[in-house]
$ cat final_27.tsv   # TSV, N, CA and C atoms
chain	number	residue	atom	x	y	z
Q	1	MET	N	0.84	-1.17	0.00
Q	1	MET	CA	0.00	0.00	0.00
Q	1	MET	C	0.89	1.25	0.00
Q	2	ALA	N	0.65	2.15	-0.91
Q	2	ALA	CA	1.44	3.37	-1.03
Q	2	ALA	C	0.97	4.41	-0.03
Q	3	THR	N	1.94	5.13	0.54
Q	3	THR	CA	1.59	6.22	1.44
Q	3	THR	C	1.63	7.52	0.67
Q	4	ARG	N	0.73	8.40	1.02
Q	4	ARG	CA	0.64	9.68	0.33
Q	4	ARG	C	1.34	10.74	1.17
Q	5	LYS	N	2.37	11.34	0.61
Q	5	LYS	CA	3.03	12.44	1.31
Q	5	LYS	C	2.30	13.72	0.96
Q	6	SER	N	1.86	14.40	1.98
Q	6	SER	CA	1.07	15.60	1.75
Q	6	SER	C	1.23	16.54	2.92
Q	7	ASN	N	1.13	17.82	2.66
Q	7	ASN	CA	1.18	18.79	3.75
Q	7	ASN	C	-0.22	19.22	4.17
Q	8	LEU	N	-1.23	18.48	3.73
Q	8	LEU	CA	-2.60	18.79	4.11
Q	8	LEU	C	-2.82	18.36	5.56
Q	9	PRO	N	-3.68	19.07	6.27
Q	9	PRO	CA	-3.93	18.73	7.68
Q	9	PRO	C	-4.66	17.40	7.82
Q	10	LYS	N	-4.48	16.77	8.98
Q	10	LYS	CA	-5.20	15.54	9.27
Q	10	LYS	C	-6.66	15.86	9.53
Q	11	LYS	N	-7.52	14.91	9.19
Q	11	LYS	CA	-8.94	15.07	9.44
Q	11	LYS	C	-9.18	15.22	10.94
Q	12	GLY	N	-9.96	16.21	11.31
Q	12	GLY	CA	-10.30	16.41	12.71
Q	12	GLY	C	-9.30	17.26	13.47
Q	13	SER	N	-8.22	17.70	12.82
Q	13	SER	CA	-7.25	18.53	13.54
Q	13	SER	C	-7.81	19.93	13.72
Q	14	ARG	N	-7.38	20.58	14.78
Q	14	ARG	CA	-7.90	21.90	15.11
Q	14	ARG	C	-7.37	22.96	14.14
Q	15	ILE	N	-8.17	23.99	13.96
Q	15	ILE	CA	-7.80	25.09	13.08
Q	15	ILE	C	-7.20	26.21	13.92
Q	16	SER	N	-5.99	26.61	13.58
Q	16	SER	CA	-5.32	27.68	14.33
Q	16	SER	C	-5.82	29.04	13.86
Q	17	ARG	N	-5.54	30.04	14.67
Q	17	ARG	CA	-5.93	31.41	14.32
Q	17	ARG	C	-5.25	31.85	13.02
Q	18	VAL	N	-4.00	31.48	12.86
Q	18	VAL	CA	-3.25	31.84	11.65
Q	18	VAL	C	-3.90	31.20	10.41
Q	19	GLU	N	-4.29	29.93	10.55
Q	19	GLU	CA	-4.94	29.25	9.44
Q	19	GLU	C	-6.29	29.89	9.12
Q	20	ALA	N	-7.05	30.26	10.14
Q	20	ALA	CA	-8.34	30.91	9.93
Q	20	ALA	C	-8.16	32.25	9.22
Q	21	GLU	N	-7.11	32.99	9.59
Q	21	GLU	CA	-6.85	34.27	8.93
Q	21	GLU	C	-6.47	34.06	7.47
Q	22	ARG	N	-5.80	32.95	7.19
Q	22	ARG	CA	-5.49	32.62	5.79
Q	22	ARG	C	-6.78	32.30	5.03
Q	23	PHE	N	-7.73	31.61	5.68
Q	23	PHE	CA	-9.03	31.36	5.05
Q	23	PHE	C	-9.65	32.68	4.60
Q	24	LEU	N	-9.65	33.65	5.52
Q	24	LEU	CA	-10.27	34.95	5.22
Q	24	LEU	C	-9.55	35.64	4.06
Q	25	GLU	N	-8.23	35.60	4.09
Q	25	GLU	CA	-7.45	36.22	3.02
Q	25	GLU	C	-7.76	35.58	1.66
Q	26	LEU	N	-7.77	34.26	1.63
Q	26	LEU	CA	-8.07	33.55	0.38
Q	26	LEU	C	-9.52	33.79	-0.05
Q	27	TYR	N	-10.43	33.80	0.90
Q	27	TYR	CA	-11.84	34.03	0.56
Q	27	TYR	C	-12.02	35.42	-0.04
Q	28	ASN	N	-11.34	36.41	0.51
Q	28	ASN	CA	-11.44	37.77	-0.04
Q	28	ASN	C	-10.90	37.84	-1.46
Q	29	GLN	N	-9.90	37.01	-1.78
Q	29	GLN	CA	-9.33	36.98	-3.12
Q	29	GLN	C	-10.21	36.19	-4.09
Q	30	LEU	N	-10.68	35.01	-3.63
Q	30	LEU	CA	-11.37	34.08	-4.52
Q	30	LEU	C	-12.89	34.19	-4.49
Q	31	GLY	N	-13.45	34.56	-3.32
Q	31	GLY	CA	-14.89	34.71	-3.19
Q	31	GLY	C	-15.67	33.41	-3.16
Q	32	CYS	N	-15.00	32.30	-2.87
Q	32	CYS	CA	-15.66	31.00	-2.92
Q	32	CYS	C	-15.11	30.10	-1.82
Q	33	TYR	N	-15.99	29.65	-0.92
Q	33	TYR	CA	-15.57	28.77	0.18
Q	33	TYR	C	-14.99	27.45	-0.35
Q	34	LYS	N	-15.60	26.93	-1.40
Q	34	LYS	CA	-15.17	25.65	-1.95
Q	34	LYS	C	-13.73	25.71	-2.46
Q	35	GLU	N	-13.37	26.79	-3.12
Q	35	GLU	CA	-12.00	26.93	-3.62
Q	35	GLU	C	-11.00	27.07	-2.48
Q	36	VAL	N	-11.37	27.85	-1.45
Q	36	VAL	CA	-10.50	27.99	-0.28
Q	36	VAL	C	-10.31	26.62	0.38
Q	37	ALA	N	-11.38	25.86	0.50
Q	37	ALA	CA	-11.31	24.53	1.09
Q	37	ALA	C	-10.40	23.61	0.27
Q	38	ARG	N	-10.51	23.68	-1.02
Q	38	ARG	CA	-9.68	22.84	-1.89
Q	38	ARG	C	-8.20	23.18	-1.72
Q	39	ILE	N	-7.88	24.46	-1.67
Q	39	ILE	CA	-6.49	24.91	-1.53
Q	39	ILE	C	-5.91	24.54	-0.17
Q	40	THR	N	-6.70	24.71	0.87
Q	40	THR	CA	-6.19	24.51	2.23
Q	40	THR	C	-6.35	23.08	2.75
Q	41	GLY	N	-7.15	22.27	2.08
Q	41	GLY	CA	-7.34	20.90	2.52
Q	41	GLY	C	-8.35	20.77	3.65
Q	42	ARG	N	-9.16	21.77	3.85
Q	42	ARG	CA	-10.20	21.75	4.88
Q	42	ARG	C	-11.56	21.66	4.20
Q	43	CYS	N	-12.60	21.37	4.96
Q	43	CYS	CA	-13.93	21.29	4.36
Q	43	CYS	C	-14.51	22.71	4.25
Q	44	ALA	N	-15.39	22.89	3.30
Q	44	ALA	CA	-15.98	24.20	3.04
Q	44	ALA	C	-16.79	24.70	4.24
Q	45	ASP	N	-17.39	23.78	5.00
Q	45	ASP	CA	-18.14	24.19	6.20
Q	45	ASP	C	-17.23	24.86	7.22
Q	46	SER	N	-16.05	24.28	7.44
Q	46	SER	CA	-15.10	24.87	8.39
Q	46	SER	C	-14.61	26.22	7.90
Q	47	VAL	N	-14.32	26.29	6.61
Q	47	VAL	CA	-13.86	27.55	6.03
Q	47	VAL	C	-14.93	28.63	6.20
Q	48	SER	N	-16.17	28.32	5.88
Q	48	SER	CA	-17.23	29.33	5.96
Q	48	SER	C	-17.46	29.76	7.40
Q	49	ARG	N	-17.41	28.81	8.34
Q	49	ARG	CA	-17.60	29.13	9.75
Q	49	ARG	C	-16.54	30.13	10.22
Q	50	TRP	N	-15.28	29.86	9.92
Q	50	TRP	CA	-14.20	30.73	10.37
Q	50	TRP	C	-14.17	32.07	9.64
Q	51	VAL	N	-14.49	32.08	8.37
Q	51	VAL	CA	-14.56	33.35	7.63
Q	51	VAL	C	-15.63	34.25	8.24
Q	52	GLU	N	-16.79	33.68	8.53
Q	52	GLU	CA	-17.88	34.46	9.12
Q	52	GLU	C	-17.51	34.98	10.52
Q	53	ILE	N	-16.83	34.17	11.31
Q	53	ILE	CA	-16.39	34.61	12.65
Q	53	ILE	C	-15.43	35.78	12.52
Q	54	LEU	N	-14.45	35.66	11.65
Q	54	LEU	CA	-13.46	36.74	11.51
Q	54	LEU	C	-14.08	38.00	10.92
Q	55	GLN	N	-15.02	37.85	10.00
Q	55	GLN	CA	-15.70	39.03	9.45
Q	55	GLN	C	-16.52	39.72	10.53
Q	56	ALA	N	-17.18	38.96	11.38
Q	56	ALA	CA	-17.96	39.55	12.48
Q	56	ALA	C	-17.04	40.29	13.45
Q	57	GLU	N	-15.88	39.72	13.73
Q	57	GLU	CA	-14.92	40.39	14.61
Q	57	GLU	C	-14.47	41.72	14.02
Q	58	GLN	N	-14.27	41.76	12.71
Q	58	GLN	CA	-13.87	43.01	12.06
Q	58	GLN	C	-14.97	44.06	12.17
Q	59	ILE	N	-16.22	43.65	12.00
Q	59	ILE	CA	-17.35	44.58	12.10
Q	59	ILE	C	-17.44	45.13	13.52
Q	60	ILE	N	-17.28	44.27	14.50
Q	60	ILE	CA	-17.36	44.71	15.91
Q	60	ILE	C	-16.24	45.70	16.20
Q	61	ARG	N	-15.02	45.42	15.72
Q	61	ARG	CA	-13.90	46.34	15.94
Q	61	ARG	C	-14.16	47.70	15.30
Q	62	LEU	N	-14.77	47.71	14.11
Q	62	LEU	CA	-15.05	48.97	13.43
Q	62	LEU	C	-16.15	49.78	14.11
Q	63	SER	N	-17.08	49.09	14.74
Q	63	SER	CA	-18.20	49.79	15.37
Q	63	SER	C	-17.84	50.38	16.73
Q	64	ASN	N	-16.75	49.95	17.32
Q	64	ASN	CA	-16.35	50.48	18.64
Q	64	ASN	C	-15.56	51.74	18.54
$ encode --input "final_27.tsv" --output "structure tokens"
Amino acid sequence: MATRKSNLPKKGSRISRVEAERFLELYNQLGCYKEVARITGRCADSVSRWVEILQAEQIIRLSN
């Protein structure tokens, strides 16, 4: 059985703040959760959840 060498994260591993910020950066460039998920090796649901959290944080910071 061949092993696959990859720098993609393991399934179920936690998402770091740095990785979440990269999601937001890529989403702002590409405009598509699915593409960000494909590039980062995460599922689109996780990408969308973290993008929405970071966008909400930016709105709260701007309103204060």
$ residues_near_point --input "final_27.tsv" --point "(-11.9, 26.7, 3.8)" --cutoff "7 Å" --atoms "all atoms listed in the file" --output "ChimeraX atom specification"
/Q:23,33-38,40-48
$ select_by_dssp --input "final_27.tsv" --residues "chain Q" --states "alpha helix (DSSP H)" --output "count of residues only"
42
$ atom_distance --input "final_27.tsv" --atom1 "atom CA of Val51 of chain Q" --atom2 "atom CA of Leu24 of chain Q"
5.2 Å
$ atom_distance --input "final_27.tsv" --atom1 "atom C of Asn28 of chain Q" --atom2 "atom N of Leu54 of chain Q"
13.8 Å
$ atom_distance --input "final_27.tsv" --atom1 "atom CA of Glu21 of chain Q" --atom2 "atom C of Ser63 of chain Q"
21.0 Å
